[in-house]
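Visitor: The following block contains the structure, expressed as structure tokens.
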Amino acid sequence: MISFEDARRIILEQARPLGKIRRALDKLLGMVLAESVTAPFDLPRFDNSAVDGYGVKVSDAQGISVENPVELQLIDTIQAGDSGRVNLTSGQAVRIFTGAPVPADVDAVVIQEETQTVGNAVRIFKAVKPGDNIRRRGEEFQKGREVISAGMAITPPVIGLLANLGYSSAMAYRKPRVALISTGNELVKPGKPLKPGQIYDSNTVALTAALKTIGIESIRVYQAKDTQRATKSAFEKALAENDVVISLGGISVGAFDFVKDVAEELGIETLFWRIAIKPGKPVYFGKSGKKLVFGLPGNPVSALVTYHQLVQPALLQVLGIPQQASVPQQAILLEALRKKPGRREFVRGFAAYDAAGALTVKPSVGQDSHMLGGLAKANCLIDFSLDAERLNVNEPVSIEWLRWMSDVF
């Protein structure tokens, strides 16, 4: 067995982006930029008004107040989309709207709440300084400057910025095609009647949902009965059609566990098998060329926890988001925990801030690897270290938040 840290390191060393693809703006959401984006022009492109108001010369709007306003002649109106070509002289003002070009003769814009129109004139009740309420050309980005760096997750604001710069598409890292191989004679699709000895297949449903939450779109599910021939057939199809293969079940040492043997028969390079963790000891990881192959346990909690801790970081890295070691938080344990030394245990828990503002954590009810209820109600994992045997009440413990939906999207 290897340590959790070594397992994660080995996986991330092999998880690399699959290549670049140009996609239209409406197809980019949930992807990662593969190339930096530069500004093709200054942004803003021209001086424009930040408010609805009146363009004036600063010299005409000094030493004034509500009791001592100045009255200026209105000579024109400029809306957003107009050219802004208006000549302004002393004693004059121009009506101007938000986003409209500011003429070169205008020194500042007075917000309309500080004014009053009187026929063809406007009264100004507040003095202004040069540049007041004017968005200057290039104040956000100058032509040729980097606007967005490669490796940034493409969120709605990123798409909006690309559109604002006139881009209709961008280069992104290609998303992986992921296969889920469900092994077991006992598994039945939810919604169908169960016969004696059968159970519903929750793993592929839960893992499909988990994959979708990080932006994976191409997910194929393959079913394999508990025979070496069926397992091999499922793996052959999955490897031929996908970039990442995740099997569920059949990876331990039982008489009907064929995944590891089939992987070796198909020439998959085994990088490790079995990790000193609980839940999830019988985890397999290998490579077939550039394709990543994961063998996860069949127990539902083991499958989901090992996916969260090992597979999800790898997939995010394949999507183009480099992964670092998670930074644990400290919380006060509300219930004592015990275990045998020798395995690092990820205890499902629920963390919350108490009335005094301290972060506390309580283990979920139902910690066995088949008990999904405890995981469904958990929002974190309590890190019970390899050699520790007991964690005491009111003791500070390390927790890691369960983030099924990636923070980067």
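By convention in this document, the chains of the structure tokens carry letters A, B, ... by their order, each chain's residues are numbered from 1, and ligands are numbered from 1 in the order they are shown.
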Enumerate the residues of region 49-294 of chain A with a DSSP assignment of helix (DSSP H, G or I), computed from the backbone, and present them as number ranges by chain.
Guide: A: 58-60, 112-114, 156-164, 203-213, 228-241, 259-265
Visitor: Only N, CA and C atoms, please: the residues just picked out, written as a short mmCIF file (atom, residue, chain, number, x, y, z; two decimals), in the first residue's frame.
Guide:
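Listed below is the output, selection.cif:
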```
data_model
loop_
_atom_site.label_atom_id
_atom_site.label_comp_id
_atom_site.auth_asym_id
_atom_site.auth_seq_id
_atom_site.Cartn_x
_atom_site.Cartn_y
_atom_site.Cartn_z
N VAL A 58 -14.78 73.05 -16.47
CA VAL A 58 -14.57 73.19 -15.03
C VAL A 58 -14.54 74.65 -14.61
N SER A 59 -14.01 75.50 -15.47
CA SER A 59 -13.93 76.93 -15.14
C SER A 59 -15.31 77.57 -14.96
N ASP A 60 -16.34 76.96 -15.55
CA ASP A 60 -17.71 77.49 -15.40
C ASP A 60 -18.40 76.94 -14.15
N GLN A 112 -26.92 64.57 -12.90
CA GLN A 112 -28.16 65.34 -13.06
C GLN A 112 -28.85 65.65 -11.73
N GLU A 113 -28.59 64.85 -10.69
CA GLU A 113 -29.19 65.14 -9.39
C GLU A 113 -28.69 66.46 -8.79
N GLU A 114 -27.58 66.98 -9.30
CA GLU A 114 -27.03 68.25 -8.81
C GLU A 114 -27.36 69.40 -9.75
N PRO A 156 -19.30 33.19 -16.57
CA PRO A 156 -20.08 34.22 -17.28
C PRO A 156 -19.38 35.58 -17.38
N PRO A 157 -18.72 36.10 -16.31
CA PRO A 157 -18.03 37.38 -16.48
C PRO A 157 -16.89 37.32 -17.49
N VAL A 158 -16.18 36.17 -17.56
CA VAL A 158 -15.11 36.03 -18.54
C VAL A 158 -15.69 36.08 -19.95
N ILE A 159 -16.80 35.38 -20.17
CA ILE A 159 -17.44 35.41 -21.48
C ILE A 159 -17.90 36.82 -21.81
N GLY A 160 -18.44 37.54 -20.82
CA GLY A 160 -18.86 38.91 -21.04
C GLY A 160 -17.70 39.80 -21.42
N LEU A 161 -16.55 39.61 -20.77
CA LEU A 161 -15.36 40.41 -21.08
C LEU A 161 -14.87 40.11 -22.49
N LEU A 162 -14.85 38.84 -22.88
CA LEU A 162 -14.44 38.48 -24.23
C LEU A 162 -15.35 39.17 -25.26
N ALA A 163 -16.64 39.14 -25.00
CA ALA A 163 -17.59 39.80 -25.91
C ALA A 163 -17.35 41.30 -25.94
N ASN A 164 -17.06 41.89 -24.78
CA ASN A 164 -16.82 43.33 -24.68
C ASN A 164 -15.60 43.74 -25.52
N ASN A 203 -23.93 4.12 -7.79
CA ASN A 203 -22.61 4.66 -8.09
C ASN A 203 -22.54 5.41 -9.41
N THR A 204 -23.05 4.79 -10.48
CA THR A 204 -22.94 5.47 -11.77
C THR A 204 -23.80 6.73 -11.81
N VAL A 205 -24.94 6.71 -11.13
CA VAL A 205 -25.79 7.89 -11.08
C VAL A 205 -25.09 9.01 -10.32
N ALA A 206 -24.52 8.68 -9.15
CA ALA A 206 -23.84 9.69 -8.34
C ALA A 206 -22.59 10.22 -9.03
N LEU A 207 -21.80 9.33 -9.62
CA LEU A 207 -20.58 9.76 -10.29
C LEU A 207 -20.88 10.57 -11.55
N THR A 208 -21.93 10.21 -12.25
CA THR A 208 -22.34 11.02 -13.41
C THR A 208 -22.67 12.44 -12.98
N ALA A 209 -23.41 12.55 -11.87
CA ALA A 209 -23.74 13.88 -11.36
C ALA A 209 -22.48 14.63 -10.95
N ALA A 210 -21.55 13.94 -10.28
CA ALA A 210 -20.31 14.58 -9.84
C ALA A 210 -19.50 15.08 -11.03
N LEU A 211 -19.46 14.30 -12.09
CA LEU A 211 -18.72 14.70 -13.29
C LEU A 211 -19.35 15.92 -13.95
N LYS A 212 -20.66 15.94 -13.99
CA LYS A 212 -21.35 17.07 -14.62
C LYS A 212 -21.10 18.37 -13.86
N THR A 213 -20.97 18.29 -12.54
CA THR A 213 -20.80 19.52 -11.76
C THR A 213 -19.45 20.18 -12.01
N GLN A 228 -14.69 -12.33 -15.98
CA GLN A 228 -13.51 -11.68 -16.56
C GLN A 228 -13.78 -11.29 -18.01
N ARG A 229 -14.52 -12.08 -18.71
CA ARG A 229 -14.81 -11.77 -20.12
C ARG A 229 -15.64 -10.50 -20.23
N ALA A 230 -16.69 -10.37 -19.39
CA ALA A 230 -17.53 -9.18 -19.45
C ALA A 230 -16.76 -7.93 -19.02
N THR A 231 -15.94 -8.08 -18.00
CA THR A 231 -15.14 -6.96 -17.53
C THR A 231 -14.16 -6.51 -18.61
N LYS A 232 -13.51 -7.47 -19.26
CA LYS A 232 -12.56 -7.14 -20.32
C LYS A 232 -13.26 -6.44 -21.48
N SER A 233 -14.42 -6.93 -21.86
CA SER A 233 -15.17 -6.32 -22.96
C SER A 233 -15.54 -4.88 -22.65
N ALA A 234 -15.98 -4.64 -21.42
CA ALA A 234 -16.35 -3.27 -21.03
C ALA A 234 -15.14 -2.35 -21.07
N PHE A 235 -14.00 -2.85 -20.59
CA PHE A 235 -12.79 -2.04 -20.60
C PHE A 235 -12.30 -1.76 -22.02
N GLU A 236 -12.39 -2.74 -22.89
CA GLU A 236 -11.95 -2.53 -24.27
C GLU A 236 -12.78 -1.44 -24.93
N LYS A 237 -14.09 -1.46 -24.76
CA LYS A 237 -14.95 -0.44 -25.34
C LYS A 237 -14.68 0.93 -24.71
N ALA A 238 -14.55 0.94 -23.40
CA ALA A 238 -14.34 2.21 -22.70
C ALA A 238 -13.03 2.86 -23.12
N LEU A 239 -11.98 2.07 -23.23
CA LEU A 239 -10.69 2.62 -23.62
C LEU A 239 -10.69 3.11 -25.07
N ALA A 240 -11.43 2.43 -25.91
CA ALA A 240 -11.48 2.83 -27.32
C ALA A 240 -12.23 4.14 -27.53
N GLU A 241 -13.17 4.44 -26.65
CA GLU A 241 -14.09 5.56 -26.90
C GLU A 241 -13.89 6.76 -25.97
N VAL A 259 -11.01 -6.53 -12.13
CA VAL A 259 -10.54 -5.28 -12.75
C VAL A 259 -9.03 -5.22 -12.88
N LYS A 260 -8.30 -5.52 -11.83
CA LYS A 260 -6.84 -5.43 -11.89
C LYS A 260 -6.26 -6.43 -12.89
N ASP A 261 -6.78 -7.65 -12.89
CA ASP A 261 -6.30 -8.66 -13.83
C ASP A 261 -6.57 -8.25 -15.27
N VAL A 262 -7.75 -7.72 -15.52
CA VAL A 262 -8.11 -7.28 -16.87
C VAL A 262 -7.23 -6.11 -17.31
N ALA A 263 -6.96 -5.19 -16.39
CA ALA A 263 -6.09 -4.05 -16.72
C ALA A 263 -4.73 -4.54 -17.17
N GLU A 264 -4.18 -5.51 -16.46
CA GLU A 264 -2.87 -6.04 -16.84
C GLU A 264 -2.93 -6.81 -18.15
N GLU A 265 -4.02 -7.54 -18.36
CA GLU A 265 -4.20 -8.30 -19.61
C GLU A 265 -4.27 -7.37 -20.82
#
```
Visitor: Show me, as a list in words, the residues that have an atom within 8 Å of Val283 (chain A) when counting only C-alpha atoms, minus same-chain residues fewer than 4 positions from it.
Guide: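 Residues meeting the cut-off are Ile251, Trp273, Arg274, Ile275, Phe294, Gly295, Leu296, Pro297 and Thr306 of chain A.
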Visitor: Can you spit out the residues from that selection as a PDB file, in the first residue's frame, using C-alpha atoms?
Guide:
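result-v1.pdb written:
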```pdb
ATOM      1  CA  ILE A 251     -10.979  -4.014  -7.645  1.00  0.00           C
ATOM      2  CA  TRP A 273      -2.977  -0.434  -6.311  1.00  0.00           C
ATOM      3  CA  ARG A 274      -4.271   0.020  -2.763  1.00  0.00           C
ATOM      4  CA  ILE A 275      -3.881   3.099  -0.587  1.00  0.00           C
ATOM      5  CA  PHE A 294      -9.054   4.545 -12.210  1.00  0.00           C
ATOM      6  CA  GLY A 295     -10.439   1.551 -10.348  1.00  0.00           C
ATOM      7  CA  LEU A 296     -12.606   2.681  -7.434  1.00  0.00           C
ATOM      8  CA  PRO A 297     -14.251   0.502  -4.760  1.00  0.00           C
ATOM      9  CA  THR A 306     -12.056   8.420  -3.427  1.00  0.00           C
TER      10      THR A 306
END
```
Visitor: Can you measure CA of Gln317 (chain A) to CA of Gln14 (chain A) for me? One decimal in Å is fine.
Guide: 9.6 Å
Visitor: My list of candidates is A:Asp132, A:Glu140, A:Glu395, A:Glu5. Which is closest to Ala325 (chain A) when distances are computed with only C-alpha atoms?
Guide: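 For Ala325 (chain A), the nearest of the given residues is A:Glu5.
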Visitor: Please provide as a VMD selection string all residues within 9 Å of region 372-383 of chain A, with the sequence filter that same-chain residues fewer than 2 positions apart are discarded (counting only C-alpha atoms).
Guide: chain A and resid 300 to 301 304 to 305 328 344 to 351 361 to 370 385 397 to 403
Visitor: Generate a file of the selected residues that holds C-alpha atoms, formatted as a CSV table (one decimal), in the first residue's frame.
Guide:
```
chain,number,residue,atom,x,y,z
A,300,PRO,CA,-21.0,3.9,-2.5
A,301,VAL,CA,-19.2,6.0,0.1
A,304,LEU,CA,-17.6,8.9,-3.8
A,305,VAL,CA,-14.9,9.8,-1.3
A,328,PRO,CA,-7.1,22.1,5.7
A,344,ARG,CA,-5.6,7.6,7.2
A,345,GLU,CA,-9.3,7.9,7.7
A,346,PHE,CA,-11.6,10.5,6.1
A,347,VAL,CA,-14.5,10.8,8.5
A,348,ARG,CA,-17.6,12.3,7.1
A,349,GLY,CA,-18.7,15.3,9.2
A,350,PHE,CA,-20.7,18.4,9.4
A,351,ALA,CA,-18.9,21.7,10.2
A,361,VAL,CA,-17.4,19.8,13.5
A,362,LYS,CA,-19.4,16.7,14.4
A,363,PRO,CA,-19.1,13.3,12.7
A,364,SER,CA,-22.1,12.2,10.6
A,365,VAL,CA,-24.3,9.3,11.7
A,366,GLY,CA,-23.5,6.3,9.5
A,367,GLN,CA,-19.7,6.0,8.9
A,368,ASP,CA,-19.7,2.6,7.2
A,369,SER,CA,-18.6,2.5,3.6
A,370,HIS,CA,-22.1,1.4,2.4
A,385,SER,CA,-4.2,10.8,10.6
A,397,VAL,CA,-8.9,18.7,14.1
A,398,SER,CA,-8.2,19.2,10.5
A,399,ILE,CA,-11.1,19.3,8.1
A,400,GLU,CA,-11.4,19.5,4.3
A,401,TRP,CA,-14.6,20.9,2.8
A,402,LEU,CA,-16.5,18.5,0.5
A,403,ARG,CA,-16.6,20.5,-2.8
```
Visitor: Might you pull out every residue within 12 Å of Gly197 (chain A), with only C-alpha atoms counted and same-chain residues fewer than 6 positions away left off, and present them as a ChimeraX atom specification?
Guide: /A:184-188
Visitor: Just the residues within 12 Å of Ala24 (chain A), please, counting only C-alpha atoms, with nothing from its chain fewer than 6 positions along; format it as a ChimeraX atom specification.
Guide: /A:31,159,162-163,167-172
